[in-house]
Every structure is written in structure tokens, then in C-alpha cells.
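Next comes upload-v5.txt, with compact mmCIF, C-alpha atoms (C1' of nucleotides).
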```txt
# COMPACT_ATOMS: atom_id res chain seq x y z
CA MET A 1051 12.23 58.50 126.29
CA ASN A 1052 14.03 61.39 124.58
CA LYS A 1053 16.07 61.27 121.42
CA THR A 1054 19.44 60.91 123.11
CA GLU A 1055 18.27 57.92 125.05
CA ASN A 1056 16.87 56.37 121.91
CA GLN A 1057 20.16 56.76 120.16
CA GLU A 1058 21.98 55.37 123.13
CA THR A 1059 19.74 52.32 123.01
CA ALA A 1060 20.04 51.99 119.25
CA TRP A 1061 23.80 51.97 119.51
CA GLN A 1062 23.86 49.41 122.29
CA ASP A 1063 21.43 47.17 120.43
CA ALA A 1064 23.65 47.29 117.36
CA ARG A 1065 26.67 46.56 119.50
CA ASP A 1066 25.00 43.59 121.16
CA SER A 1067 23.83 42.20 117.87
CA PHE A 1068 27.34 42.61 116.46
CA ILE A 1069 28.77 40.63 119.37
CA ALA A 1070 26.14 37.92 119.10
CA GLN A 1071 26.51 37.57 115.36
CA TRP A 1072 30.28 37.61 115.48
CA GLY A 1073 29.94 34.70 117.86
CA SER A 1074 27.94 32.56 115.49
CA ILE A 1075 30.15 33.57 112.60
CA GLY A 1076 33.07 32.43 114.71
CA SER A 1077 31.53 28.97 114.78
CA ALA A 1078 31.38 28.91 110.99
CA TRP A 1079 35.06 29.85 110.99
CA GLY A 1080 35.83 26.88 113.22
CA ILE A 1081 36.47 29.19 116.15
CA ASN A 1082 34.96 28.83 119.58
CA ARG A 1083 31.82 30.91 119.92
CA THR A 1084 32.79 32.51 123.23
CA MET A 1085 36.25 33.34 122.02
CA ALA A 1086 34.75 35.13 119.02
CA GLN A 1087 32.31 37.01 121.24
CA ILE A 1088 35.01 38.18 123.61
CA HIS A 1089 37.04 39.28 120.64
CA ALA A 1090 34.07 41.18 119.21
CA LEU A 1091 33.43 42.83 122.55
CA LEU A 1092 37.02 43.98 122.84
CA ILE A 1093 37.14 45.20 119.25
CA VAL A 1094 34.28 47.62 119.84
CA ALA A 1095 35.12 48.47 123.43
CA SER A 1096 36.21 52.05 123.96
CA HIS A 1097 38.21 51.16 127.07
CA PRO A 1098 40.28 48.21 128.19
CA LEU A 1099 38.08 45.67 129.99
CA THR A 1100 38.67 43.43 132.96
CA THR A 1101 37.77 39.77 133.22
CA ASP A 1102 34.83 40.78 135.42
CA ASN A 1103 33.57 43.26 132.81
CA ILE A 1104 33.64 40.51 130.22
CA MET A 1105 31.95 38.00 132.52
CA ALA A 1106 29.17 40.49 133.18
CA GLU A 1107 28.69 41.61 129.58
CA LEU A 1108 28.57 38.13 128.12
CA LYS A 1109 27.12 36.37 131.16
CA ILE A 1110 29.79 33.70 131.28
CA SER A 1111 31.78 32.13 134.08
CA ARG A 1112 35.19 33.23 135.23
CA GLY A 1113 36.88 30.07 134.03
CA ASN A 1114 35.37 30.43 130.61
CA ALA A 1115 36.31 34.10 130.30
CA HIS A 1116 39.79 33.37 131.54
CA SER A 1117 40.64 30.52 129.22
CA ASN A 1118 39.24 32.20 126.14
CA LEU A 1119 41.14 35.39 126.94
CA ARG A 1120 44.34 33.37 127.19
CA GLU A 1121 43.53 31.75 123.88
CA LEU A 1122 43.00 35.15 122.25
CA ILE A 1123 46.32 36.27 123.68
CA SER A 1124 48.02 33.18 122.30
CA TRP A 1125 46.61 34.02 118.88
CA GLY A 1126 48.08 37.49 119.29
CA LEU A 1127 44.70 39.18 118.89
CA VAL A 1128 44.44 40.53 122.42
CA LYS A 1129 46.95 42.05 124.79
CA SER A 1130 46.76 42.49 128.51
CA VAL A 1131 47.58 45.88 129.96
CA ILE A 1132 48.28 46.77 133.56
CA ARG A 1133 47.49 50.21 134.89
CA LYS A 1134 49.84 51.49 137.52
CA GLY A 1135 48.41 51.53 140.99
CA GLU A 1136 45.83 48.92 140.01
CA ARG A 1137 45.94 45.23 140.63
CA LYS A 1138 43.45 44.08 138.01
CA GLU A 1139 44.45 43.00 134.57
CA TYR A 1140 42.84 44.81 131.64
CA PHE A 1141 42.44 43.53 128.09
CA VAL A 1142 42.51 45.28 124.73
CA ALA A 1143 42.16 43.98 121.19
CA GLU A 1144 44.14 45.08 118.18
CA LYS A 1145 41.65 47.28 116.36
CA GLU A 1146 43.38 47.94 113.07
CA VAL A 1147 41.70 45.58 110.67
CA TRP A 1148 44.66 44.86 108.41
CA LYS A 1149 46.87 43.95 111.39
CA MET A 1150 44.09 41.79 112.77
CA PHE A 1151 43.75 39.99 109.48
CA CYS A 1152 47.49 39.39 109.21
CA THR A 1153 47.56 37.92 112.69
CA ILE A 1154 44.68 35.60 111.94
CA ALA A 1155 46.04 34.59 108.56
CA ARG A 1156 49.48 33.77 109.93
CA GLU A 1157 47.98 31.81 112.78
CA ARG A 1158 45.72 29.89 110.46
CA LYS A 1159 48.64 29.11 108.19
CA ARG A 1160 50.54 27.82 111.20
CA ARG A 1161 47.62 25.72 112.39
CA GLU A 1162 46.09 24.58 109.12
CA ILE A 1163 48.70 24.61 106.38
CA ASP A 1164 51.94 23.78 108.16
CA PRO A 1165 50.76 20.49 109.72
CA ALA A 1166 49.16 19.48 106.43
CA LEU A 1167 52.44 20.11 104.65
CA GLU A 1168 54.29 18.07 107.21
CA ALA A 1169 51.96 15.13 106.66
CA LEU A 1170 52.23 15.45 102.89
CA THR A 1171 56.00 15.66 102.92
CA HIS A 1172 56.13 12.54 105.04
CA CYS A 1173 53.91 10.61 102.60
CA TYR A 1174 55.79 11.97 99.64
CA GLU A 1175 59.19 10.87 100.95
CA LYS A 1176 57.90 7.44 101.90
CA THR A 1177 56.60 6.72 98.43
CA LYS A 1178 58.83 8.53 95.98
CA LYS A 1179 61.04 5.52 95.27
CA LEU A 1180 58.32 2.92 94.97
CA LYS A 1181 57.57 1.22 91.67
CA GLY A 1182 54.17 0.18 90.43
CA HIS A 1183 51.35 2.09 88.84
CA GLU A 1184 49.26 2.75 91.90
CA ALA A 1185 52.17 3.77 94.10
CA ARG A 1186 53.40 6.18 91.42
CA ASP A 1187 49.99 7.71 90.94
CA PHE A 1188 49.64 8.11 94.67
CA ASN A 1189 53.03 9.73 94.93
CA GLN A 1190 52.23 12.15 92.11
CA GLN A 1191 48.94 13.13 93.67
CA ILE A 1192 50.61 13.80 96.99
CA LYS A 1193 53.27 15.79 95.20
CA SER A 1194 50.77 18.13 93.58
CA LEU A 1195 48.97 18.69 96.85
CA LYS A 1196 52.29 19.42 98.50
CA ASN A 1197 53.46 21.78 95.79
CA PHE A 1198 50.25 23.68 95.86
CA LEU A 1199 50.14 24.09 99.62
CA GLU A 1200 53.77 25.22 99.65
CA LEU A 1201 53.10 27.89 97.07
CA ALA A 1202 49.90 29.00 98.77
CA GLY A 1203 51.57 29.14 102.17
CA ASN A 1204 54.49 31.16 100.87
CA THR A 1205 52.17 33.54 99.10
CA MET A 1206 50.19 34.05 102.27
CA GLU A 1207 53.37 34.85 104.15
CA LYS A 1208 54.34 37.41 101.55
CA ILE A 1209 50.95 39.05 101.62
CA THR A 1210 50.71 39.19 105.40
CA ALA A 1211 54.13 40.83 105.49
CA LEU A 1212 52.83 43.79 103.52
CA GLU A 1213 51.82 47.12 104.95
CA HIS A 1214 48.18 48.05 104.71
CA ASN A 1215 48.62 50.45 101.82
CA GLN A 1216 50.68 47.93 99.89
CA TRP A 1217 47.93 45.40 100.30
CA LEU A 1218 45.38 47.91 99.05
CA ALA A 1219 47.46 48.57 95.97
CA LEU A 1220 47.89 44.88 95.28
CA ALA A 1221 44.23 44.06 95.80
CA LEU A 1222 43.11 46.87 93.52
CA LYS A 1223 45.53 45.70 90.84
CA MET A 1224 44.11 42.19 91.08
CA LEU A 1225 40.54 43.40 90.93
CA LYS A 1226 41.33 45.31 87.75
CA ILE A 1227 42.49 42.19 85.94
CA LYS A 1228 39.95 41.60 83.23
CA ASN A 1229 39.22 38.13 82.03
CA HIS A 1230 40.26 38.84 78.45
CA GLU A 1231 43.62 40.10 79.66
CA THR A 1232 44.43 36.96 81.51
CA HIS A 1233 42.88 34.36 79.27
CA TYR A 1234 45.15 32.99 76.57
CA SER A 1235 48.09 34.97 77.93
CA MET B 1116 58.09 -11.46 101.97
CA ASN B 1117 59.60 -10.42 98.63
CA LYS B 1118 60.39 -6.96 97.42
CA THR B 1119 57.16 -6.40 95.50
CA GLU B 1120 55.08 -7.27 98.51
CA ASN B 1121 57.15 -4.94 100.66
CA GLN B 1122 56.56 -2.11 98.27
CA GLU B 1123 52.89 -2.91 98.10
CA THR B 1124 52.74 -2.69 101.89
CA ALA B 1125 54.81 0.48 102.00
CA TRP B 1126 52.44 2.16 99.60
CA GLN B 1127 49.36 1.09 101.49
CA ASP B 1128 50.85 2.21 104.78
CA ALA B 1129 51.58 5.62 103.31
CA ARG B 1130 48.09 5.78 101.90
CA ASP B 1131 46.50 4.87 105.22
CA SER B 1132 48.60 7.38 107.10
CA PHE B 1133 47.68 10.05 104.55
CA ILE B 1134 43.98 9.33 105.09
CA ALA B 1135 44.32 9.30 108.87
CA GLN B 1136 46.34 12.50 108.96
CA TRP B 1137 44.10 14.28 106.52
CA GLY B 1138 41.30 13.46 108.91
CA SER B 1139 42.90 15.14 111.89
CA ILE B 1140 43.99 18.05 109.72
CA GLY B 1141 40.38 18.37 108.67
CA SER B 1142 39.48 18.95 112.30
CA ALA B 1143 41.96 21.80 112.50
CA TRP B 1144 40.28 23.26 109.41
CA GLY B 1145 36.93 23.13 111.17
CA ILE B 1146 35.83 20.24 108.97
CA ASN B 1147 34.33 17.01 110.18
CA ARG B 1148 37.00 14.34 110.61
CA THR B 1149 35.11 11.64 108.70
CA MET B 1150 34.28 13.97 105.85
CA ALA B 1151 37.96 14.79 105.49
CA GLN B 1152 38.90 11.12 105.57
CA ILE B 1153 36.40 10.17 102.91
CA HIS B 1154 37.68 13.03 100.81
CA ALA B 1155 41.28 11.88 101.27
CA LEU B 1156 40.32 8.33 100.37
CA LEU B 1157 38.62 9.45 97.18
CA ILE B 1158 41.47 11.76 96.23
CA VAL B 1159 43.97 8.91 96.20
CA ALA B 1160 41.60 6.22 94.95
CA SER B 1161 42.42 4.92 91.50
CA HIS B 1162 38.80 3.92 90.83
CA PRO B 1163 35.41 5.29 91.74
CA LEU B 1164 34.28 3.82 95.07
CA THR B 1165 30.91 2.74 96.37
CA THR B 1166 29.44 3.54 99.75
CA ASP B 1167 30.25 -0.03 100.80
CA ASN B 1168 33.88 0.36 99.76
CA ILE B 1169 34.14 3.47 101.87
CA MET B 1170 32.40 1.88 104.85
CA ALA B 1171 34.83 -1.02 104.69
CA GLU B 1172 37.98 1.07 104.22
CA LEU B 1173 37.24 3.52 107.00
CA LYS B 1174 35.25 1.15 109.21
CA ILE B 1175 32.30 3.47 109.54
CA SER B 1176 28.56 2.94 109.44
CA ARG B 1177 26.39 3.30 106.38
CA GLY B 1178 24.56 6.32 107.74
CA ASN B 1179 27.81 8.08 108.48
CA ALA B 1180 29.32 7.33 105.09
CA HIS B 1181 26.13 8.39 103.41
CA SER B 1182 25.69 11.74 105.07
CA ASN B 1183 29.32 12.74 104.74
CA LEU B 1184 29.30 11.81 101.07
CA ARG B 1185 26.26 14.02 100.57
CA GLU B 1186 28.05 16.82 102.38
CA LEU B 1187 31.09 16.43 100.13
CA ILE B 1188 28.82 16.55 97.14
CA SER B 1189 27.17 19.72 98.43
CA TRP B 1190 30.62 21.28 98.73
CA GLY B 1191 31.21 20.30 95.12
CA LEU B 1192 34.29 18.24 95.99
CA VAL B 1193 32.84 14.87 95.07
CA LYS B 1194 30.61 13.69 92.27
CA SER B 1195 28.55 10.58 92.00
CA VAL B 1196 28.83 8.52 88.84
CA ILE B 1197 26.59 5.76 87.65
CA ARG B 1198 27.92 2.98 85.48
CA LYS B 1199 25.51 1.67 82.94
CA GLY B 1200 24.12 -1.73 83.77
CA GLU B 1201 24.95 -1.21 87.44
CA ARG B 1202 22.66 -0.11 90.17
CA LYS B 1203 25.21 1.03 92.72
CA GLU B 1204 26.29 4.60 92.99
CA TYR B 1205 30.02 5.29 92.66
CA PHE B 1206 31.88 8.32 93.96
CA VAL B 1207 34.86 10.22 92.63
CA ALA B 1208 36.68 13.28 93.90
CA GLU B 1209 38.02 16.12 91.82
CA LYS B 1210 41.73 15.38 91.74
CA GLU B 1211 43.14 18.49 90.16
CA VAL B 1212 44.49 20.45 93.07
CA TRP B 1213 43.85 23.93 91.73
CA LYS B 1214 40.21 23.13 90.99
CA MET B 1215 39.86 21.55 94.42
CA PHE B 1216 41.26 24.65 96.03
CA CYS B 1217 38.97 26.96 94.08
CA THR B 1218 35.96 24.93 95.13
CA ILE B 1219 36.97 25.01 98.79
CA ALA B 1220 37.83 28.70 98.70
CA ARG B 1221 34.54 29.68 97.10
CA GLU B 1222 32.60 27.56 99.53
CA ARG B 1223 34.46 29.00 102.49
CA LYS B 1224 33.82 32.51 101.21
CA ARG B 1225 30.15 31.67 100.94
CA ARG B 1226 30.05 30.16 104.42
CA GLU B 1227 32.48 32.40 106.32
CA ILE B 1228 32.75 35.77 104.64
CA ASP B 1229 29.30 36.36 103.17
CA PRO B 1230 27.37 35.92 106.44
CA ALA B 1231 29.92 38.07 108.26
CA LEU B 1232 29.46 40.80 105.69
CA GLU B 1233 25.73 40.61 106.04
CA ALA B 1234 25.97 41.06 109.79
CA LEU B 1235 28.41 43.94 109.41
CA THR B 1236 26.30 45.72 106.83
CA HIS B 1237 23.30 45.45 109.12
CA CYS B 1238 25.21 46.97 112.06
CA TYR B 1239 26.69 49.64 109.84
CA GLU B 1240 23.32 50.76 108.50
CA LYS B 1241 21.75 50.79 111.95
CA THR B 1242 24.40 53.09 113.38
CA LYS B 1243 25.57 55.35 110.58
CA LYS B 1244 23.24 58.21 111.49
CA LEU B 1245 23.74 58.13 115.23
CA LYS B 1246 25.45 60.98 117.05
CA GLY B 1247 27.72 60.65 120.04
CA HIS B 1248 31.33 59.69 120.41
CA GLU B 1249 30.92 56.04 121.20
CA ALA B 1250 28.31 55.39 118.53
CA ARG B 1251 30.50 57.07 115.93
CA ASP B 1252 33.57 55.13 116.94
CA PHE B 1253 31.57 51.94 116.81
CA ASN B 1254 30.22 52.77 113.38
CA GLN B 1255 33.70 53.55 112.08
CA GLN B 1256 35.11 50.32 113.43
CA ILE B 1257 32.33 48.33 111.80
CA LYS B 1258 32.92 50.20 108.58
CA SER B 1259 36.58 49.27 108.41
CA LEU B 1260 35.79 45.64 109.10
CA LYS B 1261 33.16 45.72 106.39
CA ASN B 1262 35.40 47.43 103.85
CA PHE B 1263 38.17 44.99 104.46
CA LEU B 1264 36.02 41.89 104.17
CA GLU B 1265 34.45 43.22 100.98
CA LEU B 1266 37.82 43.77 99.39
CA ALA B 1267 39.13 40.41 100.58
CA GLY B 1268 36.04 38.58 99.37
CA ASN B 1269 36.18 40.21 95.95
CA THR B 1270 39.86 39.43 95.65
CA MET B 1271 39.21 35.81 96.49
CA GLU B 1272 36.55 35.63 93.83
CA LYS B 1273 38.93 37.05 91.27
CA ILE B 1274 41.66 34.63 92.17
CA THR B 1275 39.44 31.57 92.18
CA ALA B 1276 38.22 32.53 88.73
CA LEU B 1277 41.73 32.19 87.32
CA GLU B 1278 43.04 29.21 85.42
CA HIS B 1279 45.78 27.21 87.06
CA ASN B 1280 48.59 28.65 84.97
CA GLN B 1281 47.38 32.19 85.60
CA TRP B 1282 47.45 31.55 89.29
CA LEU B 1283 50.98 30.20 89.03
CA ALA B 1284 52.08 33.33 87.20
CA LEU B 1285 50.43 35.57 89.75
CA ALA B 1286 51.82 33.70 92.74
CA LEU B 1287 55.34 33.75 91.33
CA LYS B 1288 55.06 37.46 90.70
CA MET B 1289 53.99 38.02 94.29
CA LEU B 1290 56.77 35.88 95.67
CA LYS B 1291 59.31 37.91 93.72
CA ILE B 1292 58.23 41.15 95.36
CA LYS B 1293 61.18 42.19 97.46
CA ASN B 1294 60.63 44.19 100.59
CA HIS B 1295 62.67 47.15 99.36
CA GLU B 1296 60.54 47.33 96.23
CA THR B 1297 57.33 47.64 98.11
CA HIS B 1298 58.42 49.68 101.09
CA TYR B 1299 58.14 53.40 100.62
CA SER B 1300 56.62 52.98 97.17
C1' DT C 1045 3.15 -6.46 89.79
C1' DT C 1046 6.69 -8.80 93.03
C1' DT C 1047 11.30 -8.98 94.50
C1' DA C 1048 15.72 -7.63 95.58
C1' DA C 1049 19.13 -4.06 95.65
C1' DT C 1050 20.22 0.29 97.15
C1' DT C 1051 19.64 4.72 99.30
C1' DT C 1052 17.80 7.61 102.83
C1' DT C 1053 16.13 8.80 107.28
C1' DC C 1054 16.24 9.27 112.07
C1' DA C 1055 15.76 7.89 117.08
C1' DT C 1056 19.19 6.50 119.97
C1' DT C 1057 23.91 6.31 121.64
C1' DA C 1058 28.63 7.78 121.88
C1' DT C 1059 32.07 11.17 121.63
C1' DT C 1060 33.91 15.62 121.78
C1' DT C 1061 33.82 20.20 123.06
C1' DT C 1062 32.68 23.80 125.97
C1' DC C 1063 31.33 25.75 130.37
C1' DT C 1064 30.83 26.19 135.36
C1' DG C 1065 32.19 27.12 139.85
C1' DA C 1066 34.74 26.41 143.63
C1' DA C 1067 39.31 25.44 145.40
C1' DA C 1068 44.18 26.27 144.92
C1' DA C 1069 47.82 29.20 143.66
C1' DT C 1070 49.80 33.62 143.18
C1' DA C 1071 50.56 38.42 143.86
C1' DT C 1072 50.24 42.79 146.30
C1' DA C 1073 49.28 46.02 150.01
C1' DG C 1074 49.42 47.11 154.65
C1' DC D 1070 54.11 38.14 158.12
C1' DT D 1071 48.74 38.49 157.39
C1' DA D 1072 44.97 39.72 154.91
C1' DT D 1073 42.94 40.56 150.65
C1' DA D 1074 42.55 40.83 145.77
C1' DT D 1075 43.24 38.48 141.64
C1' DT D 1076 44.38 34.79 138.57
C1' DT D 1077 44.67 30.02 137.41
C1' DT D 1078 43.38 25.31 137.41
C1' DC D 1079 40.50 21.50 136.85
C1' DA D 1080 36.89 17.89 138.05
C1' DG D 1081 32.52 17.33 136.86
C1' DA D 1082 28.15 19.00 134.38
C1' DA D 1083 26.00 20.54 130.26
C1' DA D 1084 25.70 21.25 125.53
C1' DA D 1085 26.87 20.42 120.92
C1' DT D 1086 28.28 17.37 117.41
C1' DA D 1087 28.95 13.04 115.18
C1' DA D 1088 28.06 8.07 114.50
C1' DT D 1089 25.33 3.85 114.65
C1' DG D 1090 22.16 0.70 112.84
C1' DA D 1091 17.86 -0.73 111.78
C1' DA D 1092 13.58 0.49 109.59
C1' DA D 1093 11.42 3.00 105.82
C1' DA D 1094 11.57 4.70 101.26
C1' DT D 1095 13.05 4.43 96.67
C1' DT D 1096 14.52 2.36 92.52
C1' DA D 1097 14.86 -0.84 88.90
C1' DA D 1098 15.15 -5.55 87.27
C1' DA D 1099 12.57 -9.75 86.52
```
As C-alpha cells, how would this structure be written, given the file I've shared?
Amino acid sequence: MNKTENQETAWQDARDSFIAQWGSIGSAWGINRTMAQIHALLIVASHPLTTDNIMAELKISRGNAHSNLRELISWGLVKSVIRKGERKEYFVAEKEVWKMFCTIARERKRREIDPALEALTHCYEKTKKLKGHEARDFNQQIKSLKNFLELAGNTMEKITALEHNQWLALALKMLKIKNHETHYS
Amino acid sequence: MNKTENQETAWQDARDSFIAQWGSIGSAWGINRTMAQIHALLIVASHPLTTDNIMAELKISRGNAHSNLRELISWGLVKSVIRKGERKEYFVAEKEVWKMFCTIARERKRREIDPALEALTHCYEKTKKLKGHEARDFNQQIKSLKNFLELAGNTMEKITALEHNQWLALALKMLKIKNHETHYS
DNA sequence: TTTAATTTTCATTATTTTCTGAAAATATAG
DNA sequence: CTATATTTTCAGAAAATAATGAAAATTAAA
């Protein structure tokens, strides 16, 4: 085997390991393993891929590929493209990392924070007029959870509305904060 | 039923619905339903609870209560307390929301971001010296993912090291950013 | 020690989630 | 139209995850 072939293999090995690992990381993120793998595959793909390409690469069934692709589309992470003169549907992932992150963050806010806030608001309203020690304590506890999640959610929205370079500037500013500057201030 | 009893019931209903909802929200967060429910129960409990209390309240088995309590302890969200003269173990949750959030955020960084970074670094190192268009593109894509996650992880660490009031100040500052101030700056 | 209370473990069972594959539906070309 | 390519659906199978409950281990009081 000559050097070029070696490099070819090395690259493909790295790619495969990236896809596999991204899959198990997906699990830790509470995301379906296959969905994460398809996403990984599309992120590093140099061309748009068809459902059949994905089935072959990941050795999964059509139904599985199909439903996870739809799920990725519903998250806004993948788009389908149609080439003129061709009947097949092709898929591409957003590759710009900052955009990808914003999409995921907004979706997670929608799925994780918003329903939690709804539940908290409901509990808060139901108990705010009650008397009695325990009811008051409960209501206060719910209120602080609610206040915090509202603030956190709004902050996330602000951040994910930034352009990449604005985010970089903000992050660098935050990293520069020294403890002695913020303590006792 | 008199007014006091009504209020007592209203409070308990709200409490139960909070626990139930927190459980299903937990699922959306990729957290075990029972673990989330035990956590919710402890957050709104006015006293430390025993394993038996928790089993009774949530109608779950001893083994289940036990292992989820241990898991909550390993997250750092719950602590066990022993009362002198008593043999039973009691459990309490951290109730201060900001501390709770910091604990969860650090743990999620450890479980979600750190392993992802490890995988990315591995792929990056394996491919950085390869020639060829596709290998280079791949390496660049991995690099941007890696850079982003590093920055995000470090930022999270900085933020979760803040005191509550510092976080409030920072969040308010971010919320005040107007789009015209940040665009084109 | 012995005894009783309490915690921990773990094989088994139940539940939930994910995947398969083939049939049905839809779309396009000829 | 008819034939063919492609996508979508979904019942059932497989895999993964969570829960039960009883037995074993641990702890501490008597």
C-alpha cells in the first residue's frame, strides 16, 4: 500500500470514528444515537447525500434513516435539496458551527425550558394566594425557579441572536473576567 | 370542608402536579423520570425525607428510590444527613436555585462537552497532517467544532463560578444589549 | 455477641425506545 | 394512462432502560 492509500485510509478511519463517537455522545446529550450519527455524517460529507447513501454508510434500515432525517429537518439542522433532472432527495447539514449551535440551543430552549416554565407558572398562580407556612414556602420556591428559568431563557435567546463575531467578542470578554474583579463588586 | 382544608388541598394538589410535571420535564432533559421526581419532591419538602417517605410519596420500590437517590447524590444535587440518635438516613436537596443550576451545568459540561471534546481532539490530531482535499476539509470542520466547544465549555465554567448576584448583573447587562449596538460594531 | 434496623445489590420483570422491512402512498417520466 | 422510482407509514421485533422485590450485606444498639 502506497502513501496516498494510507492517507486515504487514515482519513476514512478518523471520519468513521468521528461518526461513531458523535453517536454515543448524542446519547449523553439525550439525543437518539442514529440521529446524531446521521448528523455527524452529513456534517463531514463533502456532497449532499441520499437516503440510500446514508443507509449504506451507517448500515441502517430505510425507515430508520427516513424518520431520523425528518427529525433532523424538524430541528432545523438538515435541509433537503433537490437537483434538477433528478428524482432523488438529497440532504445537507448546516456546517457553520455557530449557526448549528444557535439552532440546537433554541430548540433545546423550546423543548426543555419553555415547558418547564409553563408548569412552574401554573403552580405559581395556583398557590400565590394561599395562606399557611408550607404553602407560602412552596410558592416562594416555585417563584425562584420560575424567575431563574425566565432569566436564563431570555439570556439564551439574546445570545443565540448574535452573529458569530459578536459571540466571540462576548465570550472573550467573559473569559477575561478575573475573580478579584467580580468578587465584592 | 372549611376554607383551611380547601387551601391545604389546593397546596398539595399544586405540589403533586409540580412533582409529576417535573418528572416528565426531566425526560425531555434526558434525565430519568423518577430521578427528576425525587429531586422535585426534595426541592419542595420542608423537612429532610427518608427513603421510606420517598417510596410512599411516589409509590416506588425501595431499590428504585435507593438507586435514584444515589444518582442525585453523585450529581451533587442531594445530600444525605444523619440526625444524632437516629439510624435512618435523611435526604435534602440544595434549594438555592443558582447553586442548583451551577451544579447541573457543571455536571452536564462534564458529561456532554468534555467527552465530545476528547473525541474531537482525537480526530483532529489524527488528520491534521494529511494531504488531500477531503482530508483537509474534514480536519478543518473538526477544528471548528473543537474550537467552538472549547470556548463554550470555558465560558460555562466561568459563569458557573460566579456568585448569584454577579450572574444577575451579567445577565441583565446581556439583556440590555440592543441589536443596533452590537450589529456592525 | 445477638438482634433488629437499615442499606445495598441484583436477577427478574416491565416499560419505553428504537429499528426493521415490507406494504401503501405519492410523484414523475414516458 | 402505465410503469417505475421514491418516499412515507406502521405493525411487529429487538434492544435499551428502568423498576421491582426479596435476599444479602452492613450497621449499630442492646
Pull out every residue of chain D sitting within 12 Å of chain A, counting only C-alpha atoms (C1' of nucleotides), and send them as JSON, numbers by chain. {"D": [1073, 1074, 1075, 1076, 1077, 1078, 1079, 1085]}
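Atom pair atom CA of B:Val1207 / atom CA of B:Ala1155 has a distance of 10.9 Å (rounded to one decimal).
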Dump as JSON lines the rows for residues of chain C within 12 Å of chain B: closest atom pair and distance in Å with one decimal, all atoms listed in the file counted, ordered by chain and rising residue number.
```
{"residue": "C:DA1048", "atom": "C1'", "partner": "B:Arg1202", "partner_atom": "CA", "distance": 11.6}
{"residue": "C:DA1049", "atom": "C1'", "partner": "B:Arg1202", "partner_atom": "CA", "distance": 7.6}
{"residue": "C:DT1050", "atom": "C1'", "partner": "B:Lys1203", "partner_atom": "CA", "distance": 6.7}
{"residue": "C:DT1051", "atom": "C1'", "partner": "B:His1181", "partner_atom": "CA", "distance": 8.5}
{"residue": "C:DT1052", "atom": "C1'", "partner": "B:His1181", "partner_atom": "CA", "distance": 8.4}
{"residue": "C:DT1053", "atom": "C1'", "partner": "B:Gly1178", "partner_atom": "CA", "distance": 8.8}
{"residue": "C:DC1054", "atom": "C1'", "partner": "B:Gly1178", "partner_atom": "CA", "distance": 9.8}
{"residue": "C:DT1060", "atom": "C1'", "partner": "B:Ser1142", "partner_atom": "CA", "distance": 11.5}
```
Determine, counting all atoms listed in the file, which protein, DNA and RNA residues have an atom within 10 Å of an atom of C:DT1062; residues of the same chain fewer than 6 positions away are not included. Present the result as a list in words.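 In the requested form, the answer reads Asn1082, Arg1083, Thr1084 and Asn1114 of chain A; DA1083, DA1084 and DA1085 of chain D.
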Which chain A residues are at most 6 Å from chain B (counting all atoms listed in the file), as a ChimeraX atom specification? /A:1061,1064,1078-1080,1094,1162,1173,1185,1188
Residue nearest D:DA1088 among C:DT1064, C:DT1057, C:DT1072, C:DT1046 (counting all atoms listed in the file): C:DT1057
Enter the distance from atom C1' of D:DT1096 to atom CA of B:Glu1186, in Å, rounded to one decimal.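 Atom-to-atom, atom C1' of D:DT1096 and atom CA of B:Glu1186 are spaced 22.1 Å apart.
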Could you jot down the atom CA of B:Leu1192 to atom CA of B:Ile1169 separation for me, Å, one decimal place?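 Answer for the atom CA of B:Leu1192 to atom CA of B:Ile1169 separation: 15.9 Å.
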Around all listed atoms of stretch 1133-1143 of chain A, padded 8 Å per side, what centre and edge lengths does the axis-aligned box have in Å to one decimal, as AutoDock Vina command-line options?
```
--center_x 46.0 --center_y 47.3 --center_z 131.1 --size_x 23.7 --size_y 24.5 --size_z 35.8
```
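Distance check against A:Pro1098 using all atoms listed in the file: of A:Val1128, A:Ala1219, A:Cys1152, A:Leu1167, the minimum falls on A:Val1128.
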Counting only C-alpha atoms (C1' of nucleotides), note down every residue that has an atom within 8 Å of the point (24.5, 5.2, 115.7) (file coordinates), as a list in words. Ser1176 of chain B; DT1056, DT1057 and DA1058 of chain C; DA1088, DT1089 and DG1090 of chain D
What would the list of residues within 9 Å of (33.5, 13.3, 100.6) (file frame) look like as a ChimeraX atom specification, if only C-alpha atoms (C1' of nucleotides) are what count? /B:1149-1157,1180,1183-1188,1190,1192-1194,1206-1208
